[in-house]
>>> print(open('structure_11.txt').read())   # compact mmCIF, C-alpha atoms and all ligand atoms
# COMPACT_ATOMS: atom_id res chain seq x y z
CA MET A 264 5.55 8.01 -49.02
CA SER A 265 3.26 11.02 -49.44
CA GLU A 266 2.93 11.79 -45.76
CA CYS A 267 2.89 15.13 -44.07
CA PHE A 268 6.01 16.15 -42.16
CA LEU A 269 5.93 18.67 -39.33
CA VAL A 270 9.34 20.33 -39.20
CA THR A 271 10.01 22.47 -36.14
CA GLY A 272 12.84 24.93 -36.72
CA GLY A 273 12.29 24.36 -40.44
CA THR A 274 13.38 27.86 -41.49
CA GLY A 275 16.73 27.39 -39.69
CA TYR A 276 20.02 26.31 -41.16
CA ILE A 277 19.72 22.52 -41.08
CA GLY A 278 15.93 22.28 -41.03
CA SER A 279 15.59 24.34 -44.23
CA HIS A 280 17.92 21.96 -46.10
CA VAL A 281 15.84 19.00 -44.94
CA CYS A 282 12.63 20.79 -46.01
CA ALA A 283 14.14 21.37 -49.48
CA LEU A 284 14.74 17.63 -49.87
CA LEU A 285 11.32 16.67 -48.53
CA LEU A 286 9.53 19.10 -50.85
CA ALA A 287 11.58 17.94 -53.84
CA ALA A 288 10.59 14.37 -52.97
CA GLY A 289 6.90 15.34 -53.11
CA ARG A 290 6.21 15.33 -49.38
CA ASP A 291 3.92 17.84 -47.69
CA VAL A 292 5.85 20.02 -45.28
CA VAL A 293 4.50 22.08 -42.41
CA ILE A 294 7.02 24.32 -40.66
CA LEU A 295 6.74 25.71 -37.16
CA ASP A 296 9.41 28.27 -36.31
CA ASP A 297 9.45 31.40 -34.16
CA LEU A 298 12.01 33.04 -36.50
CA SER A 299 14.24 33.83 -33.52
CA ASN A 300 17.25 32.67 -35.55
CA SER A 301 16.03 32.55 -39.14
CA SER A 302 14.38 34.62 -41.85
CA ALA A 303 10.72 34.85 -42.83
CA ASP A 304 11.60 34.54 -46.52
CA VAL A 305 12.87 30.95 -46.22
CA PRO A 306 9.49 29.41 -47.28
CA GLU A 307 9.63 31.43 -50.54
CA ARG A 308 13.23 30.36 -51.04
CA LEU A 309 12.17 26.76 -50.57
CA GLU A 310 9.47 27.24 -53.20
CA SER A 311 11.94 28.62 -55.71
CA ILE A 312 14.22 25.62 -55.11
CA SER A 313 11.64 22.83 -55.20
CA GLY A 314 8.66 24.34 -56.98
CA ARG A 315 6.54 23.61 -53.92
CA LYS A 316 5.93 25.78 -50.91
CA PRO A 317 5.80 24.53 -47.33
CA LEU A 318 3.04 25.68 -45.02
CA PHE A 319 4.56 28.03 -42.49
CA TYR A 320 3.40 28.78 -38.97
CA CYS A 321 5.21 31.33 -36.88
CA GLY A 322 5.12 30.06 -33.32
CA ASP A 323 6.99 28.88 -30.30
CA VAL A 324 7.58 25.19 -29.70
CA ARG A 325 6.76 25.80 -26.02
CA ASP A 326 3.23 26.95 -26.93
CA ALA A 327 1.09 23.83 -26.45
CA ALA A 328 -2.11 25.45 -27.77
CA ARG A 329 -0.37 26.54 -30.98
CA LEU A 330 1.13 23.08 -31.42
CA ALA A 331 -2.24 21.40 -30.87
CA GLU A 332 -3.82 23.67 -33.48
CA ILE A 333 -1.18 22.72 -36.07
CA VAL A 334 -1.00 19.04 -35.23
CA SER A 335 -4.78 18.56 -35.19
CA ALA A 336 -5.14 20.38 -38.51
CA HIS A 337 -2.40 18.50 -40.37
CA LYS A 338 -2.03 15.16 -38.54
CA PRO A 339 1.63 14.80 -39.55
CA GLU A 340 2.99 11.32 -39.98
CA TYR A 341 6.47 12.40 -38.91
CA VAL A 342 7.85 15.16 -36.76
CA LEU A 343 11.40 16.38 -37.36
CA HIS A 344 12.40 18.48 -34.38
CA PHE A 345 15.12 21.04 -35.11
CA ALA A 346 13.81 24.02 -33.12
CA GLY A 347 16.13 24.93 -30.31
CA LEU A 348 18.96 27.07 -29.05
CA LYS A 349 22.45 25.98 -30.07
CA ALA A 350 25.18 28.34 -28.86
CA VAL A 351 27.40 26.53 -26.38
CA GLY A 352 28.83 29.70 -24.79
CA GLU A 353 25.42 31.29 -24.35
CA SER A 354 24.14 28.08 -22.74
CA GLY A 355 26.65 28.65 -19.92
CA ARG A 356 25.54 32.24 -19.42
CA ASN A 357 21.80 31.49 -19.68
CA PRO A 358 21.21 27.82 -18.86
CA LEU A 359 17.55 28.37 -17.93
CA ALA A 360 16.75 29.54 -21.46
CA TYR A 361 18.46 26.44 -22.86
CA TYR A 362 16.64 24.02 -20.58
CA ASP A 363 13.39 25.88 -21.17
CA VAL A 364 13.51 25.81 -24.98
CA ASN A 365 15.48 22.64 -25.65
CA VAL A 366 14.11 20.40 -22.90
CA GLY A 367 10.82 22.12 -21.96
CA GLY A 368 9.97 22.80 -25.62
CA THR A 369 10.58 19.18 -26.59
CA ILE A 370 8.46 17.85 -23.72
CA THR A 371 5.61 20.20 -24.65
CA LEU A 372 5.85 19.00 -28.25
CA LEU A 373 5.95 15.32 -27.25
CA ARG A 374 2.90 15.74 -25.01
CA VAL A 375 0.90 17.19 -27.89
CA LEU A 376 2.08 14.47 -30.27
CA GLN A 377 1.15 11.79 -27.76
CA ARG A 378 -2.31 13.30 -27.40
CA TYR A 379 -2.86 13.09 -31.17
CA GLY A 380 -1.30 9.63 -31.58
CA ILE A 381 1.76 10.79 -33.54
CA ARG A 382 4.76 8.71 -32.58
CA ARG A 383 7.38 9.05 -35.31
CA PHE A 384 10.01 11.50 -34.26
CA VAL A 385 13.44 12.55 -35.49
CA PHE A 386 15.53 14.54 -33.02
CA SER A 387 18.50 16.83 -33.72
CA SER A 388 21.05 15.70 -31.20
CA SER A 389 24.73 16.57 -31.14
CA ALA A 390 28.23 15.20 -30.82
CA THR A 391 28.43 17.27 -27.63
CA VAL A 392 26.61 14.45 -25.79
CA TYR A 393 29.86 12.43 -25.76
CA ALA A 394 32.31 12.55 -22.87
CA PRO A 395 35.32 14.82 -23.47
CA ASP A 396 37.79 12.02 -22.76
CA ALA A 397 36.13 9.47 -25.07
CA VAL A 398 38.50 7.67 -27.44
CA MET A 399 38.35 8.67 -31.13
CA PRO A 400 36.58 7.95 -33.38
CA LEU A 401 33.33 8.37 -31.49
CA THR A 402 30.88 5.52 -32.02
CA GLU A 403 27.30 5.51 -30.79
CA GLU A 404 28.54 3.31 -27.92
CA SER A 405 31.23 5.77 -26.81
CA PRO A 406 30.78 7.05 -23.26
CA LEU A 407 28.36 9.91 -22.87
CA GLY A 408 29.14 12.90 -20.66
CA PRO A 409 28.24 16.32 -22.02
CA TYR A 410 30.42 19.06 -20.59
CA ASN A 411 28.34 22.17 -21.15
CA PRO A 412 24.67 23.07 -20.50
CA TYR A 413 23.81 22.93 -24.22
CA GLY A 414 25.12 19.37 -24.46
CA ARG A 415 23.29 18.42 -21.28
CA THR A 416 19.98 19.63 -22.78
CA LYS A 417 20.58 17.33 -25.79
CA TYR A 418 21.53 14.44 -23.52
CA THR A 419 18.42 15.04 -21.38
CA VAL A 420 16.11 14.99 -24.39
CA GLU A 421 17.73 11.77 -25.60
CA ARG A 422 16.99 10.25 -22.16
CA VAL A 423 13.37 11.48 -22.26
CA LEU A 424 12.88 9.90 -25.68
CA LEU A 425 14.43 6.60 -24.56
CA ASP A 426 12.15 6.51 -21.53
CA LEU A 427 9.12 7.44 -23.61
CA ALA A 428 9.77 4.64 -26.10
CA ALA A 429 10.50 2.18 -23.29
CA GLY A 430 7.05 2.90 -21.82
CA ASP A 431 5.27 2.79 -25.17
CA PRO A 432 6.91 0.62 -27.84
CA SER A 433 4.80 2.17 -30.60
CA TRP A 434 7.16 5.18 -30.63
CA ARG A 435 9.68 5.22 -33.48
CA VAL A 436 12.50 7.63 -32.77
CA ALA A 437 15.76 8.56 -34.48
CA LEU A 438 18.40 10.33 -32.38
CA LEU A 439 20.75 11.93 -34.89
CA ARG A 440 24.03 13.12 -33.43
CA TYR A 441 25.40 15.74 -35.78
CA PHE A 442 29.07 16.60 -35.89
CA ASN A 443 30.03 19.96 -37.47
CA PRO A 444 27.64 20.85 -40.30
CA VAL A 445 28.94 23.52 -42.69
CA GLY A 446 28.33 24.62 -46.28
CA ALA A 447 25.12 25.67 -47.96
CA HIS A 448 22.57 24.67 -50.57
CA ALA A 449 23.89 24.48 -54.15
CA SER A 450 21.33 27.13 -55.18
CA GLY A 451 22.94 29.65 -52.84
CA LEU A 452 19.45 30.29 -51.41
CA LEU A 453 19.82 28.42 -48.10
CA GLY A 454 22.68 28.55 -45.68
CA GLU A 455 23.82 29.51 -42.22
CA LYS A 456 22.67 33.03 -41.51
CA PRO A 457 22.45 33.49 -37.76
CA GLN A 458 20.66 36.57 -36.45
CA GLY A 459 23.54 37.67 -34.21
CA GLU A 460 27.31 37.39 -34.27
CA PRO A 461 28.30 34.01 -35.72
CA ASN A 462 30.12 31.74 -33.26
CA ASN A 463 31.04 28.93 -35.62
CA LEU A 464 34.16 28.67 -37.70
CA MET A 465 32.83 28.63 -41.27
CA PRO A 466 30.74 31.84 -41.16
CA ARG A 467 33.65 33.56 -39.44
CA LEU A 468 36.08 32.25 -42.05
CA CYS A 469 33.88 33.63 -44.85
CA ALA A 470 33.59 37.02 -43.16
CA ALA A 471 37.36 37.22 -42.65
CA ALA A 472 38.01 36.17 -46.27
CA ALA A 473 35.63 38.90 -47.45
CA GLY A 474 37.45 41.50 -45.37
CA ALA A 475 34.15 42.20 -43.56
CA THR A 476 35.78 41.45 -40.19
CA PRO A 477 39.32 41.48 -38.83
CA PRO A 478 41.41 38.35 -39.56
CA LEU A 479 40.03 35.02 -38.37
CA THR A 480 41.07 34.22 -34.83
CA VAL A 481 42.41 30.66 -34.74
CA PHE A 482 41.60 29.54 -31.21
CA GLY A 483 44.62 27.49 -30.21
CA THR A 484 47.67 26.51 -32.26
CA ASP A 485 49.22 24.48 -29.44
CA TYR A 486 46.83 21.52 -29.28
CA PRO A 487 48.34 18.02 -29.53
CA THR A 488 47.03 17.71 -33.10
CA ARG A 489 48.73 17.44 -36.52
CA ASP A 490 49.31 21.20 -36.81
CA GLY A 491 48.37 22.43 -33.34
CA SER A 492 44.89 23.72 -34.27
CA GLY A 493 41.61 22.09 -33.23
CA VAL A 494 40.29 19.14 -35.24
CA ARG A 495 36.58 18.60 -36.03
CA ASP A 496 34.45 16.40 -38.26
CA TYR A 497 32.97 18.93 -40.70
CA LEU A 498 30.20 17.64 -42.93
CA HIS A 499 28.25 19.29 -45.72
CA VAL A 500 24.76 20.32 -44.62
CA THR A 501 23.26 18.70 -47.73
CA ASP A 502 24.81 15.36 -46.78
CA LEU A 503 23.45 15.87 -43.27
CA ALA A 504 19.99 16.64 -44.65
CA LEU A 505 20.03 13.44 -46.70
CA GLY A 506 20.77 11.51 -43.50
CA HIS A 507 17.36 12.64 -42.19
CA LEU A 508 15.56 11.15 -45.16
CA ARG A 509 17.41 7.87 -44.67
CA ALA A 510 16.51 7.94 -40.97
CA VAL A 511 12.82 8.39 -41.82
CA GLU A 512 13.04 5.39 -44.15
CA ARG A 513 14.59 3.42 -41.30
CA LEU A 514 11.70 4.35 -39.00
CA GLU A 515 9.32 3.00 -41.65
CA GLN A 516 10.93 -0.40 -41.10
CA ALA A 517 11.82 -0.51 -37.43
CA ALA A 518 10.13 0.54 -34.18
CA GLY A 519 12.10 1.69 -31.15
CA VAL A 520 14.89 4.23 -30.73
CA HIS A 521 17.74 4.36 -33.24
CA THR A 522 20.84 6.44 -32.62
CA TYR A 523 23.22 7.49 -35.39
CA ASN A 524 26.31 9.62 -35.70
CA LEU A 525 26.13 11.81 -38.78
CA GLY A 526 29.65 12.86 -39.70
CA THR A 527 32.26 12.08 -42.36
CA GLY A 528 34.52 10.08 -40.07
CA THR A 529 37.45 12.35 -40.94
CA GLY A 530 38.84 15.08 -38.72
CA LEU A 531 40.04 18.32 -40.27
CA SER A 532 42.02 21.00 -38.42
CA VAL A 533 41.20 24.70 -38.47
CA LEU A 534 44.33 25.36 -40.52
CA GLU A 535 43.42 22.55 -42.93
CA LEU A 536 39.97 24.07 -43.38
CA ILE A 537 41.54 27.46 -44.11
CA ALA A 538 43.73 25.75 -46.75
CA ALA A 539 40.70 23.93 -48.23
CA PHE A 540 38.92 27.29 -48.43
CA GLN A 541 41.82 28.77 -50.36
CA ALA A 542 41.89 25.78 -52.73
CA ALA A 543 38.13 26.01 -53.26
CA VAL A 544 37.59 29.75 -53.73
CA GLY A 545 41.08 31.09 -54.38
CA ILE A 546 41.18 33.42 -51.38
CA ALA A 547 43.72 33.13 -48.59
CA ALA A 548 41.64 34.12 -45.57
CA PRO A 549 43.75 36.21 -43.18
CA TRP A 550 44.09 34.68 -39.73
CA THR A 551 45.89 35.20 -36.45
CA ALA A 552 46.85 32.67 -33.80
CA CYS A 553 44.94 33.25 -30.56
CA PRO A 554 44.72 31.51 -27.20
CA ARG A 555 42.49 28.46 -26.92
CA ARG A 556 38.76 29.16 -26.55
CA ALA A 557 37.48 28.10 -23.14
CA GLY A 558 35.57 24.82 -23.26
CA ASP A 559 36.97 23.65 -26.63
CA LEU A 560 38.32 20.13 -27.07
CA ALA A 561 41.47 19.48 -29.07
CA GLU A 562 39.91 16.96 -31.40
CA TYR A 563 36.76 14.97 -32.06
CA TYR A 564 35.40 13.09 -35.03
CA SER A 565 32.86 10.39 -35.68
CA SER A 566 32.69 6.83 -36.75
CA PRO A 567 29.73 7.00 -39.15
CA ALA A 568 29.89 3.22 -39.75
CA LYS A 569 26.52 2.49 -38.14
CA ALA A 570 24.72 5.06 -40.31
CA GLU A 571 26.37 3.60 -43.40
CA ARG A 572 25.46 0.06 -42.39
CA GLU A 573 21.87 0.62 -41.26
CA LEU A 574 20.79 3.70 -43.20
CA GLY A 575 22.87 3.29 -46.34
CA TRP A 576 24.02 6.87 -45.68
CA LYS A 577 27.52 8.19 -46.23
CA ALA A 578 28.69 11.80 -46.42
CA GLU A 579 29.94 12.35 -49.97
CA LYS A 580 30.97 15.98 -50.22
CA THR A 581 34.53 17.19 -49.74
CA ALA A 582 35.94 20.02 -47.63
CA GLU A 583 36.34 22.02 -50.84
CA ASP A 584 32.62 21.51 -51.62
CA MET A 585 31.76 22.73 -48.12
CA CYS A 586 33.92 25.86 -48.47
CA ARG A 587 32.81 26.67 -52.01
CA ASP A 588 29.10 26.41 -51.13
CA ALA A 589 29.47 28.34 -47.86
CA TRP A 590 31.28 31.11 -49.72
CA ALA A 591 28.69 31.23 -52.55
CA PHE A 592 25.94 31.60 -49.94
CA TYR A 593 27.92 34.23 -48.09
CA LEU A 594 28.30 36.31 -51.25
CA LYS A 595 24.68 35.84 -52.33
CA ALA A 596 23.11 36.46 -48.93
CA GLY A 597 25.32 39.40 -48.03
CA CYS A 598 26.08 37.79 -44.74
CA ALA A 599 27.93 40.78 -43.39
CA ARG A 600 24.50 42.29 -42.98
CA ASN A 601 21.35 40.90 -41.42
CA PRO A 602 17.96 40.87 -43.22
CA ASP A 603 17.08 44.29 -41.80
CA GLY A 604 20.20 45.77 -43.34
CA GLU A 605 21.83 46.38 -39.98
CA SER A 606 25.57 45.82 -40.01
CA LYS A 607 26.76 42.84 -37.92
P1 LIG A 701 19.24 27.24 -36.35
O1 LIG A 701 19.29 28.20 -35.22
O2 LIG A 701 19.61 27.72 -37.70
O3 LIG A 701 17.78 26.58 -36.45
C1 LIG A 701 16.94 26.43 -35.33
C2 LIG A 701 15.61 27.04 -35.68
O4 LIG A 701 14.77 26.92 -34.54
C3 LIG A 701 15.71 28.53 -36.01
O5 LIG A 701 15.05 28.78 -37.24
C4 LIG A 701 15.01 29.23 -34.86
O6 LIG A 701 14.34 30.40 -35.26
C5 LIG A 701 14.07 28.15 -34.36
N1 LIG A 701 13.71 28.24 -32.95
C6 LIG A 701 14.52 28.50 -31.89
N2 LIG A 701 13.82 28.50 -30.75
C7 LIG A 701 12.53 28.22 -31.10
C8 LIG A 701 11.34 28.08 -30.37
N3 LIG A 701 11.30 28.25 -29.02
N4 LIG A 701 10.20 27.79 -31.02
C9 LIG A 701 10.21 27.64 -32.38
N5 LIG A 701 11.31 27.78 -33.12
C10 LIG A 701 12.47 28.05 -32.48
O7 LIG A 701 20.12 25.99 -35.93
P2 LIG A 701 20.58 24.74 -36.78
O8 LIG A 701 22.05 24.82 -36.92
O9 LIG A 701 19.74 24.59 -37.97
O10 LIG A 701 20.28 23.59 -35.73
C11 LIG A 701 19.09 22.83 -35.79
C12 LIG A 701 19.09 21.84 -34.65
O11 LIG A 701 20.25 21.00 -34.77
C13 LIG A 701 19.19 22.47 -33.26
O12 LIG A 701 18.37 21.73 -32.39
C14 LIG A 701 20.65 22.31 -32.89
O13 LIG A 701 20.82 22.24 -31.50
C15 LIG A 701 20.99 21.01 -33.57
N6 LIG A 701 22.41 20.87 -33.87
C16 LIG A 701 23.03 21.83 -34.62
C17 LIG A 701 24.39 21.71 -34.90
C18 LIG A 701 25.12 22.78 -35.67
O14 LIG A 701 26.34 22.82 -35.61
N7 LIG A 701 24.45 23.64 -36.44
C19 LIG A 701 25.10 20.60 -34.44
C20 LIG A 701 24.43 19.63 -33.67
C21 LIG A 701 23.08 19.77 -33.42
C1 LIG A 702 35.21 24.60 -34.75
C2 LIG A 702 36.72 24.74 -34.54
C3 LIG A 702 37.30 26.17 -32.71
C4 LIG A 702 35.75 29.88 -34.46
C5 LIG A 702 30.01 23.78 -31.93
C6 LIG A 702 29.20 23.18 -30.84
C7 LIG A 702 28.69 21.85 -31.26
C8 LIG A 702 27.99 21.91 -32.58
C9 LIG A 702 28.81 22.58 -33.61
C10 LIG A 702 25.67 22.25 -32.01
C11 LIG A 702 37.15 24.70 -33.08
C12 LIG A 702 37.76 26.74 -34.01
C13 LIG A 702 36.11 28.56 -34.23
C14 LIG A 702 36.79 30.82 -34.67
C15 LIG A 702 38.41 29.07 -34.43
N1 LIG A 702 26.78 22.66 -32.49
N2 LIG A 702 37.41 28.16 -34.22
N3 LIG A 702 38.08 30.37 -34.65
O1 LIG A 702 32.97 24.38 -31.18
O2 LIG A 702 33.42 22.37 -32.68
O3 LIG A 702 31.13 22.95 -32.12
O4 LIG A 702 29.26 23.84 -33.13
O5 LIG A 702 25.38 21.17 -31.60
O6 LIG A 702 27.82 21.42 -30.29
O7 LIG A 702 30.00 23.05 -29.70
O8 LIG A 702 32.34 24.42 -33.62
O9 LIG A 702 32.60 26.00 -35.48
O10 LIG A 702 32.62 26.89 -33.11
O11 LIG A 702 34.55 25.54 -33.92
O12 LIG A 702 39.61 28.74 -34.42
O13 LIG A 702 36.55 32.00 -34.88
O14 LIG A 702 37.09 26.04 -35.02
O15 LIG A 702 38.25 26.40 -31.70
O16 LIG A 702 38.38 24.05 -33.05
P1 LIG A 702 32.57 23.53 -32.30
P2 LIG A 702 32.96 25.80 -34.06
>>> encode(input="structure_11.txt", output="C-alpha cells")
Amino acid sequence: MSECFLVTGGTGYIGSHVCALLLAAGRDVVILDDLSNSSADVPERLESISGRKPLFYCGDVRDAARLAEIVSAHKPEYVLHFAGLKAVGESGRNPLAYYDVNVGGTITLLRVLQRYGIRRFVFSSSATVYAPDAVMPLTEESPLGPYNPYGRTKYTVERVLLDLAAGDPSWRVALLRYFNPVGAHASGLLGEKPQGEPNNLMPRLCAAAAGATPPLTVFGTDYPTRDGSGVRDYLHVTDLALGHLRAVERLEQAAGVHTYNLGTGTGLSVLELIAAFQAAVGIAAPWTACPRRAGDLAEYYSSPAKAERELGWKAEKTAEDMCRDAWAFYLKAGCARNPDGESK
C-alpha cells in the first residue's frame, strides 16, 4: 500500500501513535486537527520518530469547506477519524457540544467523503457503547446501551455508519471499540497530554507519583471486585495503534462494516495498576481512598477474540510496559505544565 491516509485528530493521543506507524510504513499522512486538545509540534515530533513528516492542516471537522479543500487536494484512500471530544463528565454538562462535534462533525465529514467517492473509513468508537449490565467479558455481540452522552454520541455514529453502508455496499468501515488506552510512544515524544486537567487514571497516577499533585484519589475501594477498586481493560496505546493498521488491511479484503473490540481481555484494578507502576518505575505513588466517582462501573473488560481471529491482532504489552512508557513521557514532556508553560 502506498495510499494517502487522512487522519482527523491526528495530533491527539491515539491518532498521533497511528500516524507514527503509518509514516514508518511509508504511507502518506494528511492530518486535520483543530489543536483543541493537542500540540502544534506533534507533526515535527512525528518527523523525528519516522523520518517523514505528515502534512498538517489546522481545521475543524465540522467545517465542510475546509474538509472539501483537503479531500479534493489529496484524494485519500482511507480516512481514520479520531477527532472528537472524549470527556465523559463534560459530556453530561455540555451534551450539545458532544453531539455537535462527535455526531455533527462525523456527518459533515462523511458527506464530504461521499461527494468525493471516498468510502474507506475507520472510526474511533468506545467500550462505553456497551450496556452497563452486560456480562463480562464484553464481546462485539454484547448488548449495547451507552449510559452517558459521550457514549451515546459514539453509539449514534456507529448507527449512522451501519445505515450508510446498508444503503451503499461500496462503503468499507471499521468500528473500533477501544477499552482503556494508556502508555506512550517508546521515543517519549508522543503521549497523553491533555490541554486541561487530566480526567483519566494514568496521567493522574504519574502526576501523583511525581509529587506534582496531591495523592491519587482512588475512586471507590468498596466495589465487588478483587480488591474493592474499579477494574478496567488497560491496553498500551502502541498496541492499539497497531490494531488500526490491521483493520485497514482487513478493509482491503472485505467490504461492509466490521466491528472489533481492541483491548487485552484482562481486567486490572486501580490498586493493581498502582502496584504495576511501582514495579515498573520504582515509585510508590501516594494514594487515598475516596468515594466512588458518579457514573463509574465496577468492572469492564473485553473479549478481543474476534480481533485476534479476523485481524491477527493481539495486545502484547504488559501493565509494566504501559506504566514505564507513560512515566517516561510524563518526565520528558513535563506534563505538570502545559505547552505554554502555565501550571496545571
Ligand atoms: P485526543 O483528545 O487526544 O485526540 C482527539 C483530537 O481531536 C485532538 O487532537 C483534538 O485537538 C482534535 N479535535 C477535537 N475536536 C476537533 C474538531 N472539532 N475538529 C478537529 N479536530 C478536533 O483524544 P484521544 O484519546 O486520542 O481519542 C481519539 C478518539 O478515540 C476520540 O474520538 C475518542 O473519543 C476515542 N476514544 C478514546 C479513548 C481514550 O480513552 N483515550 C477511548 C475510546 C475512544
Ligand atoms: C479508570 C479507573 C476510575 C481517576 C474513560 C471513559 C471511556 C474511555 C476511557 C473514551 C476507574 C479510576 C480514575 C482517578 C481513580 N474514554 N480512577 N482515580 O472511566 O474507565 O473510562 O476513559 O472513550 O469512555 O469513560 O477511565 O481512566 O477515568 O478511570 O480511581 O483519579 O480509574 O474510577 O475505575 P474510565 P479512567
>>> residues_around(input="structure_11.txt", residues="Leu508 (chain A)", least_positions_apart="5", cutoff="9 Å", atoms="all atoms listed in the file", output="VMD selection string")
chain A and resid 281 284 to 285 513
>>> closest_atom_pairs(input="structure_11.txt", of="chain A", to="ligand LIG 701 (chain A)", cutoff="8 Å", atoms="all atoms listed in the file", output="tab-separated table")
residue	atom	partner	partner_atom	distance
A:Thr271	CA	A:LIG701	N5	6.2
A:Gly272	CA	A:LIG701	O4	3.5
A:Gly273	CA	A:LIG701	O5	6.1
A:Thr274	CA	A:LIG701	O5	4.7
A:Gly275	CA	A:LIG701	O5	3.3
A:Tyr276	CA	A:LIG701	O9	3.6
A:Ile277	CA	A:LIG701	O9	3.7
A:Gly278	CA	A:LIG701	O9	5.4
A:Ser279	CA	A:LIG701	O9	7.5
A:Leu295	CA	A:LIG701	C9	6.2
A:Asp296	CA	A:LIG701	N5	3.7
A:Asp297	CA	A:LIG701	N5	4.2
A:Leu298	CA	A:LIG701	O6	3.7
A:Ser299	CA	A:LIG701	O6	3.8
A:Asn300	CA	A:LIG701	O6	3.7
A:Ser301	CA	A:LIG701	O5	4.3
A:Ser302	CA	A:LIG701	O5	7.5
A:Cys321	CA	A:LIG701	C9	7.7
A:Gly322	CA	A:LIG701	C9	5.7
A:Asp323	CA	A:LIG701	N4	3.5
A:Val324	CA	A:LIG701	N4	3.9
A:Arg325	CA	A:LIG701	N3	6.0
A:His344	CA	A:LIG701	O12	7.1
A:Phe345	CA	A:LIG701	C12	4.1
A:Ala346	CA	A:LIG701	O4	3.4
A:Gly347	CA	A:LIG701	C6	4.2
A:Leu348	CA	A:LIG701	C6	5.5
A:Lys349	CA	A:LIG701	O13	4.3
A:Ala350	CA	A:LIG701	O13	7.9
A:Val364	CA	A:LIG701	N3	5.2
A:Asn365	CA	A:LIG701	O12	7.4
A:Gly368	CA	A:LIG701	N3	6.6
A:Phe386	CA	A:LIG701	O12	7.8
A:Ser387	CA	A:LIG701	O11	4.6
A:Ser388	CA	A:LIG701	C21	5.1
A:Ser389	CA	A:LIG701	C20	4.0
A:Ala390	CA	A:LIG701	C20	6.5
A:Thr391	CA	A:LIG701	C20	7.6
A:Tyr413	CA	A:LIG701	O13	7.9
A:Lys417	CA	A:LIG701	O13	7.5
A:Arg440	CA	A:LIG701	C20	6.5
A:Tyr441	CA	A:LIG701	C20	4.5
A:Phe442	CA	A:LIG701	C19	5.8
A:Asn443	CA	A:LIG701	O14	5.0
A:Pro444	CA	A:LIG701	O14	5.3
A:Val445	CA	A:LIG701	O14	7.6
A:Glu455	CA	A:LIG701	O2	6.4
A:Lys456	CA	A:LIG701	O2	7.2
A:Pro457	CA	A:LIG701	O2	6.4
A:Asn463	CA	A:LIG701	O14	7.7
>>> residues_near_ligand(input="structure_11.txt", ligand="ligand LIG 702 (chain A)", cutoff="6 Å", atoms="only C-alpha atoms and all ligand atoms", output="list of chain:residue names")
A:Lys349, A:Val351, A:Ser389, A:Thr391, A:Asn443, A:Asn462, A:Asn463, A:Leu464, A:Arg467, A:Leu479, A:Thr480, A:Val481, A:Phe482, A:Gly493, A:Val494, A:Arg495, A:Val533, A:Arg556, A:Asp559
>>> closest_residue(input="structure_11.txt", among="A:Asp485, A:Val520, A:Tyr341, A:Glu403", to="Leu427 (chain A)", atoms="only C-alpha atoms")
A:Val520
>>> closest_residue(input="structure_11.txt", among="A:Ile294, A:Val398, A:Leu574, A:Gly355", to="Ala517 (chain A)", atoms="all atoms listed in the file")
A:Leu574
>>> residues_around(input="structure_11.txt", residues="Ile370 (chain A)", least_positions_apart="5", cutoff="12 Å", atoms="all atoms listed in the file", output="list of chain:residue names")
A:Val324, A:Arg325, A:Asp326, A:Ala327, A:Leu330, A:His344, A:Tyr362, A:Asp363, A:Val364, A:Asn365, A:Val375, A:Leu376, A:Gln377, A:Thr416, A:Thr419, A:Val420, A:Glu421, A:Arg422, A:Val423, A:Leu424, A:Leu427
>>> closest_residue(input="structure_11.txt", among="A:Ile312, A:Leu359, A:Ala561, A:Thr476", to="Pro461 (chain A)", atoms="all atoms listed in the file")
A:Thr476
>>> closest_residue(input="structure_11.txt", among="A:Ala542, A:Glu573, A:Tyr320, A:Val292", to="Glu332 (chain A)", atoms="all atoms listed in the file")
A:Tyr320
>>> closest_residue(input="structure_11.txt", among="A:Leu343, A:His499, A:Thr488, A:Asn524", to="Arg435 (chain A)", atoms="all atoms listed in the file")
A:Leu343
>>> residues_around(input="structure_11.txt", residues="Val293 (chain A)", least_positions_apart="4", cutoff="6 Å", atoms="all atoms listed in the file", output="PyMOL selection string")
chain A and resi 269+317-319
>>> atom_distance(input="structure_11.txt", atom1="CA of Gly314 (chain A)", atom2="CA of Cys282 (chain A)")
12.2 Å
>>> closest_residue(input="structure_11.txt", among="A:Trp550, A:Asp502, A:Ala518, A:Tyr497", to="Ser532 (chain A)", atoms="only C-alpha atoms")
A:Tyr497
>>> closest_atom_pairs(input="structure_11.txt", of="region 454-526 of chain A", to="region 575-590 of chain A", cutoff="7 Å", atoms="only C-alpha atoms", output="JSON lines")
{"residue": "A:Cys469", "atom": "CA", "partner": "A:Trp590", "partner_atom": "CA", "distance": 6.1}
{"residue": "A:Leu498", "atom": "CA", "partner": "A:Ala578", "partner_atom": "CA", "distance": 7.0}
{"residue": "A:His499", "atom": "CA", "partner": "A:Met585", "partner_atom": "CA", "distance": 5.5}
{"residue": "A:Asp502", "atom": "CA", "partner": "A:Ala578", "partner_atom": "CA", "distance": 5.3}
{"residue": "A:Gly506", "atom": "CA", "partner": "A:Trp576", "partner_atom": "CA", "distance": 6.1}
{"residue": "A:Arg509", "atom": "CA", "partner": "A:Trp576", "partner_atom": "CA", "distance": 6.8}
{"residue": "A:Gly526", "atom": "CA", "partner": "A:Ala578", "partner_atom": "CA", "distance": 6.9}
>>> atom_distance(input="structure_11.txt", atom1="CA of Arg555 (chain A)", atom2="CA of Leu401 (chain A)")
22.5 Å
>>> atom_distance(input="structure_11.txt", atom1="CA of Gly414 (chain A)", atom2="CA of Arg356 (chain A)")
13.8 Å
>>> residues_around(input="structure_11.txt", residues="Arg378 (chain A)", least_positions_apart="6", cutoff="12 Å", atoms="only C-alpha atoms", output="compact mmCIF listing (two decimals) with C-alpha atoms, keeping the file's coordinate frame")
# COMPACT_ATOMS: atom_id res chain seq x y z
CA ALA A 327 1.09 23.83 -26.45
CA LEU A 330 1.13 23.08 -31.42
CA ALA A 331 -2.24 21.40 -30.87
CA VAL A 334 -1.00 19.04 -35.23
CA SER A 335 -4.78 18.56 -35.19
CA LYS A 338 -2.03 15.16 -38.54
CA THR A 371 5.61 20.20 -24.65
CA LEU A 372 5.85 19.00 -28.25
>>> residues_near_point(input="structure_11.txt", point="(19.9, 28.8, -48.8)", cutoff="7 Å", atoms="only C-alpha atoms", output="PyMOL selection string")
chain A and resi 447-448+450-454+592
